[in-house]
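S.K.: I have a structure I would like to understand better, so I am pasting it below and will then ask my questions one at a time.
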Amino acid sequence: MAHQHQVGKVKRWRKLFFLLVLNVLLWGTGIYLWQQRNNGPPTALHRFTASSESTEFVRDGALRQHNTNFPIESEHVILVNVTTGEVLFEHDADTRAYPASLTKMMTVLVAIEMTAGEEMTIRADFDGLHLAGAAMAGFEYGEIRSISEVLHGAMLSSGADATETIAYHVSGSYDGFVALMNERAIQIGMTSTNFTNASGLHDSNQYTTAYDMALFLSYALENPVFRQIFTTRNYPILTATGEERVLSSTMFFALETSEFPGGEILGGKDGFTPQAGLCLASLATDGEHEFVLITLGGRSQAANVIDALVIYHYFLD
């Protein structure tokens, strides 16, 4: 009898355990279905293939502006040896500033990570962009362009017609794409950055820091497609009538030469609004290491380019 009682007791415990496991499974399934019903399918952000790990630079040995005699005008500056991760020079690099068209670098990166060899139909508010004084790549509404043409139009020509096309193509809505930009910024570690548009047109709620932009660029340059576009000087395309037209880098256009004593500027993206001033994000090399330089808030003519050459010359020569 004692043995039968023990066997019955074991069976009851097994039954209770089975019911407990079943309840947990059903509860978990219910939670999943509820989330799917209320939140919909996973957001497009889950399609990103690049690493989402954030990074930081070593700032301990950085030279500060107040310890130098640099004749620079940019209000916010940072120079990073991205080969070693060391900050070599910085000036007010953590203060919020307006990014102007440096914004388009994030637009291009998100597009690269979420598209694959697709064609895009040019779609933009051309009248509104012209009224806002936005730079344009020269595309025409409704024409079909390759993703490569549109990305080069955004980066080299700084075309807002290209960035709006990217936004609608990738997300189906402009606001949806801007949300992806902000999510990507958080993943990269840009804790002092917020985007409200994909082109860089002025908005008091769109801001960044020189440090955040350096983090972004060092990260984005690990993507070979982004790097190729960022370092391209000229990109020929055909018009609707079959004539060749060239998309040219506005940064390289502003440089008399990309070489300087001690190194060479490999690529860059410039920007300007009256509120942001002249801005520049650039990549240079001394033949051994690579360097990222961000300058924001230049006020006199060509201040962003001149400041970059002064700083590169000092540290790389």
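Residue numbers start at 1 in each chain; chains themselves are named A, B, ... in the order of the structure tokens; ligands are numbered from 1 in the order shown.
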Skipping near chain neighbours, those fewer than 3 positions away, what residues fall within 6 Å of Lys104 (chain A) using only C-alpha atoms, listed as a VMD selection string?

M.R.: chain A and resid 101 107 199

S.K.: Export N, CA and C atoms of the chosen residues as a PDB file, in the first residue's frame?

M.R.:
```pdb
ATOM      1  N   SER A 101      24.103  70.091 -43.481  1.00  0.00           N
ATOM      2  CA  SER A 101      24.048  68.948 -44.392  1.00  0.00           C
ATOM      3  C   SER A 101      24.902  67.759 -43.969  1.00  0.00           C
ATOM      4  N   THR A 107      21.597  59.885 -43.326  1.00  0.00           N
ATOM      5  CA  THR A 107      20.595  59.486 -44.305  1.00  0.00           C
ATOM      6  C   THR A 107      21.158  58.430 -45.247  1.00  0.00           C
ATOM      7  N   SER A 199      17.611  66.030 -44.413  1.00  0.00           N
ATOM      8  CA  SER A 199      18.426  66.845 -45.313  1.00  0.00           C
ATOM      9  C   SER A 199      19.373  67.797 -44.596  1.00  0.00           C
TER      10      SER A 199
END
```

S.K.: For the strand (DSSP E) assignment from backbone DSSP, which residues of region 94-239 of chain A qualify? Please present them as an MDAnalysis selection string.

M.R.: chainID A and resid 119:121 144:146 234:238

S.K.: CA of Arg299 (chain A) and CA of Ala276 (chain A) are how many Å apart?

M.R.: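 Interatomic distance, CA of Arg299 (chain A) to CA of Ala276 (chain A): 8.9 Å.
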
S.K.: Using only C-alpha atoms, pick whichever of A:Gly159, A:Gly172, A:Gly200, A:Gly153 has the shortest atom-to-atom distance to Arg233 (chain A).

M.R.: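 Among the listed residues, A:Gly153 lies closest to Arg233 (chain A).
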
S.K.: When you draw a straight line from CA of Ala160 (chain A) to CA of Phe139 (chain A), how long is it in Å?

M.R.: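 Result for CA of Ala160 (chain A) versus CA of Phe139 (chain A): 10.0 Å, one decimal.
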
S.K.: Please report as a tab-separated table every residue of region 254-306 of chain A lying within 12 Å of region 220-227 of chain A, along with the nearest atom pair and their distance in Å (one decimal), using only C-alpha atoms.

M.R.:
```
residue	atom	partner	partner_atom	distance
A:Leu266	CA	A:Arg227	CA	9.8
A:Gly267	CA	A:Arg227	CA	8.5
A:Gly268	CA	A:Arg227	CA	9.9
A:Lys269	CA	A:Arg227	CA	11.7
A:Ala281	CA	A:Leu221	CA	11.8
A:Ser282	CA	A:Leu221	CA	10.9
A:Leu283	CA	A:Leu221	CA	9.1
A:Ala284	CA	A:Leu221	CA	12.0
A:Glu290	CA	A:Leu221	CA	10.8
A:Phe291	CA	A:Leu221	CA	11.1
A:Val292	CA	A:Leu221	CA	9.9
```

S.K.: Just C-alpha atoms for this one: save the residues we selected as an mmCIF file, in the first residue's frame.

M.R.:
```cif
data_model
loop_
_atom_site.group_PDB
_atom_site.id
_atom_site.type_symbol
_atom_site.label_atom_id
_atom_site.label_comp_id
_atom_site.auth_asym_id
_atom_site.auth_seq_id
_atom_site.Cartn_x
_atom_site.Cartn_y
_atom_site.Cartn_z
ATOM 1 C CA LEU A 266 40.554 61.244 -48.688
ATOM 2 C CA GLY A 267 36.916 62.285 -48.472
ATOM 3 C CA GLY A 268 34.393 64.497 -46.800
ATOM 4 C CA LYS A 269 30.983 66.076 -46.518
ATOM 5 C CA ALA A 281 33.287 66.123 -41.726
ATOM 6 C CA SER A 282 36.455 64.776 -43.334
ATOM 7 C CA LEU A 283 38.753 61.774 -43.522
ATOM 8 C CA ALA A 284 42.522 62.097 -43.970
ATOM 9 C CA GLU A 290 43.569 57.538 -40.684
ATOM 10 C CA PHE A 291 42.018 60.585 -39.055
ATOM 11 C CA VAL A 292 38.485 61.946 -38.778
#
```

S.K.: Taking 3 positions as the minimum chain separation for residues in the same chain, which residues sit within 9 Å of Gly85 (chain A) when counting only C-alpha atoms? Answer as a list in words.

M.R.: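 Neighbouring residues, sequence-local ones excluded: Glu56, Phe57, Val58, Arg59, Val80, Asn81 and Val82 of chain A.
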
S.K.: For the alpha helix (DSSP H) assignment from backbone DSSP, which residues of region 72-114 of chain A qualify? Please present them as a count of residues only.

M.R.: 12

S.K.: Taking only C-alpha atoms into account, which of A:Ala93, A:Met120, A:Ile72, A:Ile147 comes nearest Asn304 (chain A)?

M.R.: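 Residue with the minimum atom-to-atom distance to Asn304 (chain A): A:Ile72.
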
S.K.: Could you check the closest approach to Thr196 (chain A) for each of A:Glu259, A:Thr103, A:Glu244, A:Ser146 and tell me which residue wins, using only C-alpha atoms?

M.R.: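 Closest to Thr196 (chain A), using only C-alpha atoms: A:Thr103.
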
S.K.: Determine the nearest neighbour of His130 (chain A) from the options A:Leu201, A:Leu296, A:Leu255, A:Leu316, counting only C-alpha atoms.

M.R.: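 Closest to His130 (chain A) of all the choices is A:Leu201.
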
S.K.: Could you pull the residues within 7 Å of Asp270 (chain A), counting only C-alpha atoms, minus those fewer than 4 positions along the same chain, as a compact mmCIF listing (two decimals) with N, CA and C atoms, in the first residue's frame?

M.R.:
```txt
# COMPACT_ATOMS: atom_id res chain seq x y z
N SER A 101 24.10 70.09 -43.48
CA SER A 101 24.05 68.95 -44.39
C SER A 101 24.90 67.76 -43.97
N LEU A 102 25.62 67.85 -42.86
CA LEU A 102 26.28 66.66 -42.33
C LEU A 102 25.22 65.61 -41.97
N THR A 250 30.94 68.54 -53.26
CA THR A 250 31.02 69.96 -52.92
C THR A 250 32.24 70.25 -52.06
N MET A 251 32.71 69.25 -51.28
CA MET A 251 33.90 69.49 -50.46
C MET A 251 35.15 69.55 -51.32
N CYS A 279 30.20 73.82 -41.91
CA CYS A 279 30.51 72.57 -41.23
C CYS A 279 31.29 71.65 -42.18
N LEU A 280 32.07 70.77 -41.61
CA LEU A 280 32.81 69.81 -42.43
C LEU A 280 33.11 68.56 -41.63
N ALA A 281 32.86 67.42 -42.26
CA ALA A 281 33.29 66.12 -41.73
C ALA A 281 34.23 65.53 -42.75
```

S.K.: Have a look at CA of Ser148 (chain A) and CA of Leu129 (chain A) and let me know their distance in Å, one decimal.

M.R.: 21.9 Å

S.K.: Give the answer as one residue: which of A:Ala137, A:His152, A:Asp60, A:Leu309 has the shortest atom-to-atom distance to Gln228 (chain A), using only C-alpha atoms?

M.R.: A:His152

S.K.: Identify which of the residues A:Gly189, A:Gly176, A:Pro99, A:Gly128 lies closest to Gly297 (chain A), counting only C-alpha atoms when measuring atom-to-atom distances.

M.R.: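 With only C-alpha atoms as the atom set, the closest residue is A:Pro99.
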